Amino acid sequence: MIPDTTTTEPVETVTETGGGPSPATGRALLPTATPARTRAAVRELVRPHRALAVAAFGLMVLATAVGLLTQPLLGRIVDLVTQHRAPGTLTFPVVALAVVAVVQGVTTALGMTLVSRLGETVLARLRERFVERALSLPLERVERAGSGDLNARVTRDVSRVAEAVRTALPELARSVLSIVLTLVALAVLDWRFLLAALLAVPVQAYTARWYVRHAVPLYARERIATGAQQQQLLDTIGGAATVRAYGTQAEHTERVTERSRATVELTMRGVGLVLRFYGRLHIAEYAGLAAVLTTGFLLVRADSVSLGTATAAALYFHSLFGPVNTALVLLDDAQSATAGLARLVGVVDEPTTPTAPVRATAPNSAAVTLHGVSHAYVPGRPVLHEVDLAVRPGERVALVGATGAGKTTLAKLVAGLHRPAVGRVDVGGAEPDEAGRSVALVTQEVHVFAGPLAEDLRLARPEADDDELRKVLATVGALEWVDALPERIETVVGDGGHRLTADRAQQLALARLLLADPPVAVLDEATAEAGSSGARQLEQAALRVLDGRTALIVAHRLSQAASADRVVVLHEGRVVENGTHTELLAAEGPYAVLWRAWSDNRSDGTSGTAH
């Protein structure tokens, strides 16, 4: 199945599957991975780059170890001064300090570079897997979750993880190494200094556990609230015309306000949590430094260590302030990023619509049949009821009916975007999602991809050359205006480029269909957005594109139905009439009523439609 773009059926609040219902929206959100699964996913991503990880870790250890020579050298200088040694004896420790600074700077820069490279490589792979999986999610699964949930993961969660990889990960790695090796250095000076320093650990450990226990669920709730806020904004802005038409601006504004207020409240709770976190860290610092200084005083008085050694110990502990605070403060970023990462991994692990292999389909196998098909987006509210339909190879069938009759749903089932709840849809003897590239769908909401127009067309057939592109453009009547563009088919279109009108965008969609060359085509009101001025040209282009193909046409204008080989009339999800245009007019049934109403509107000079 090759969808050019899809429309969205109205979906009611759903809570039955997926990641569980959002308390804010009632939607079945996409899943969030468990902590164990998130860690496993990180290991899977890092495993192919083990050599890079080992090299980065080794350089960071070397840089940290070299840096720890600074405190003993300063302590040596203190001893030389207090012992009134000759000034020349200070030369070696001073030169050594300079060498330590240079070596540490070089190795730190190399180590941080490798850590960053590892993080960016893993992040790039995670993004690729996320986008690949997101594009393969079943449409009904995305509709149940709402576009706001997926949008929040694509934007905010990816940004948080990326920021953590670029800043928090390298700093956290360096800080943890500094803490571990500094504690080892304290033990080398005298084991009693290490015991004194460890008095701060219980307070710090309790603070970290307290923070993690409260931060993880808080940040997870904030992510969900943000998704609900974005969903409400999308619903309100996307349906602005309808909101104004029914005078419900105040109601929708209140909904947006409620979602925004919930997000802000959770954010402020996070700020309060961080402030309490810092306050507890200061207590730990005071307790530890006081213990180390007291221990140094007692050991120097007992002649167990020199004043320089006690100075080095105090400097070691003081040097822990930065790494410890950095590591614990980065818990904030780490917890935020972990919550986002779990949401990304949840999508990566989500089952997708199986991708069928591309297979050649002979023209005589392009029949479409529906056997007892029923479908519902919400249980208990069916949209289609026991539809039986057979479309012969090469036949063009128009679907006609009022809004809500089930036309678009039937088109989506044939295109393979949904699987029927009951019954079976066959395209060339196979279900649509097993039929490879046998079905193409073009709807009224066409997306123009940003970039050169030629590349936009080549999405349907990457190997197509310029001559083939010009040929399909000529077939759909677009070559003349394309040649008039500043750079012809290389002109940049879409966001940031040349803006295309609705009818021209539809011509590109029809051209892509020609390039894809499927035996079955589904046009879901593909000329509805053109306006009356361009509709006739688009209808003629559509006829040329559909020549020789099996086609289902959701007819927006009944002139499309009149030119079809057969007309199928739907009413409340059921087929109520089936026959040629002439036969149905003679039958004086629902189609004849629609035709007369449409014809009267045309004679009045208005743009008549089938619904």
# chains A, B, ... in the order shown; residues from 1 in each chain; ligands from 1
>>> residues_around(residues="Pro519 in chain A", least_positions_apart="2", cutoff="7 Å", atoms="only C-alpha atoms", output="ChimeraX atom specification")
/A:363,366,438-439,517,521,549-550
>>> select_by_dssp(residues="range 541-600 of chain A", states="alpha helix (DSSP H)", output="MDAnalysis selection string")
chainID A and resid 541:546 558:562 581:587 590:600
>>> atom_distance(atom1="CA of Ala313 in chain A", atom2="CA of Phe193 in chain A")
6.8 Å
>>> residues_around(residues="Leu298 in chain A", least_positions_apart="6", cutoff="12 Å", atoms="only C-alpha atoms", output="list in words")
Arg192, Phe193, Ala196, Ala291, Val292, Ser304, Val305, Ser306, Leu307 and Ala310 of chain A
>>> residues_around(residues="range 339-347 of chain A", least_positions_apart="6", cutoff="6 Å", atoms="only C-alpha atoms", output="VMD selection string")
chain A and resid 31 to 33 38 157 220
>>> closest_residue(among="A:Gly238, A:Ala225, A:Leu172, A:Leu123", to="Val264 in chain A", atoms="only C-alpha atoms")
A:Ala225
>>> residues_around(residues="Ala312 in chain A", least_positions_apart="6", cutoff="7 Å", atoms="only C-alpha atoms", output="short mmCIF file (atom, residue, chain, number, x, y, z; two decimals) with N, CA, C and O atoms, in the first residue's frame")
data_model
loop_
_atom_site.label_atom_id
_atom_site.label_comp_id
_atom_site.auth_asym_id
_atom_site.auth_seq_id
_atom_site.Cartn_x
_atom_site.Cartn_y
_atom_site.Cartn_z
N GLN A 71 46.79 17.76 44.15
CA GLN A 71 46.71 17.96 45.61
C GLN A 71 47.97 17.50 46.33
O GLN A 71 48.48 18.25 47.21
N PRO A 72 48.54 16.32 46.03
CA PRO A 72 49.80 15.96 46.70
C PRO A 72 50.95 16.92 46.39
O PRO A 72 51.78 17.20 47.26
N LEU A 74 50.64 20.14 45.77
CA LEU A 74 50.40 21.33 46.59
C LEU A 74 50.74 21.05 48.05
O LEU A 74 51.29 21.91 48.77
N GLY A 75 50.43 19.85 48.51
CA GLY A 75 50.80 19.47 49.88
C GLY A 75 52.30 19.44 50.07
O GLY A 75 52.82 19.84 51.12
#
>>> residues_around(residues="Thr267 in chain A", least_positions_apart="3", cutoff="9 Å", atoms="only C-alpha atoms", output="list in words")
Leu218, Tyr219, Glu222, Ala262, Thr263, Val264, Gly270, Val271 and Gly272 of chain A
>>> write_last_selection(atoms="C-alpha atoms", output="PDB file, in the first residue's frame")
ATOM      1  CA  LEU A 218       6.935  13.558  38.670  1.00  0.00           C
ATOM      2  CA  TYR A 219       8.770  13.879  35.355  1.00  0.00           C
ATOM      3  CA  GLU A 222       4.935  16.090  33.382  1.00  0.00           C
ATOM      4  CA  ALA A 262      -1.646  21.283  34.888  1.00  0.00           C
ATOM      5  CA  THR A 263       1.682  21.370  33.038  1.00  0.00           C
ATOM      6  CA  VAL A 264       2.842  24.504  34.859  1.00  0.00           C
ATOM      7  CA  GLY A 270       9.808  20.005  39.993  1.00  0.00           C
ATOM      8  CA  VAL A 271      11.446  23.347  40.807  1.00  0.00           C
ATOM      9  CA  GLY A 272      10.545  22.959  44.482  1.00  0.00           C
TER      10      GLY A 272
END
>>> residues_around(residues="range 380-397 of chain A", least_positions_apart="3", cutoff="7 Å", atoms="only C-alpha atoms", output="PyMOL selection string")
chain A and resi 363-376+406+548-553+564-567+573-575
>>> closest_residue(among="A:Ala101, A:Ala51, A:Val256, A:Ala41", to="Phe130 in chain A", atoms="only C-alpha atoms")
A:Ala41
>>> atom_distance(atom1="CA of Gln540 in chain A", atom2="CA of Pro518 in chain A")
19.0 Å
>>> atom_distance(atom1="CA of Glu588 in chain A", atom2="CA of Val576 in chain A")
12.6 Å
>>> closest_atom_pairs(of="range 464-566 of chain A", to="range 410-416 of chain A", cutoff="8 Å", atoms="only C-alpha atoms", output="tab-separated table")
residue	atom	partner	partner_atom	distance
A:Val522	CA	A:Ala411	CA	6.5
A:Leu523	CA	A:Ala411	CA	8.0
A:Asp524	CA	A:Ala411	CA	6.8
A:Leu552	CA	A:Ala411	CA	7.3
A:Val554	CA	A:Ala411	CA	7.5
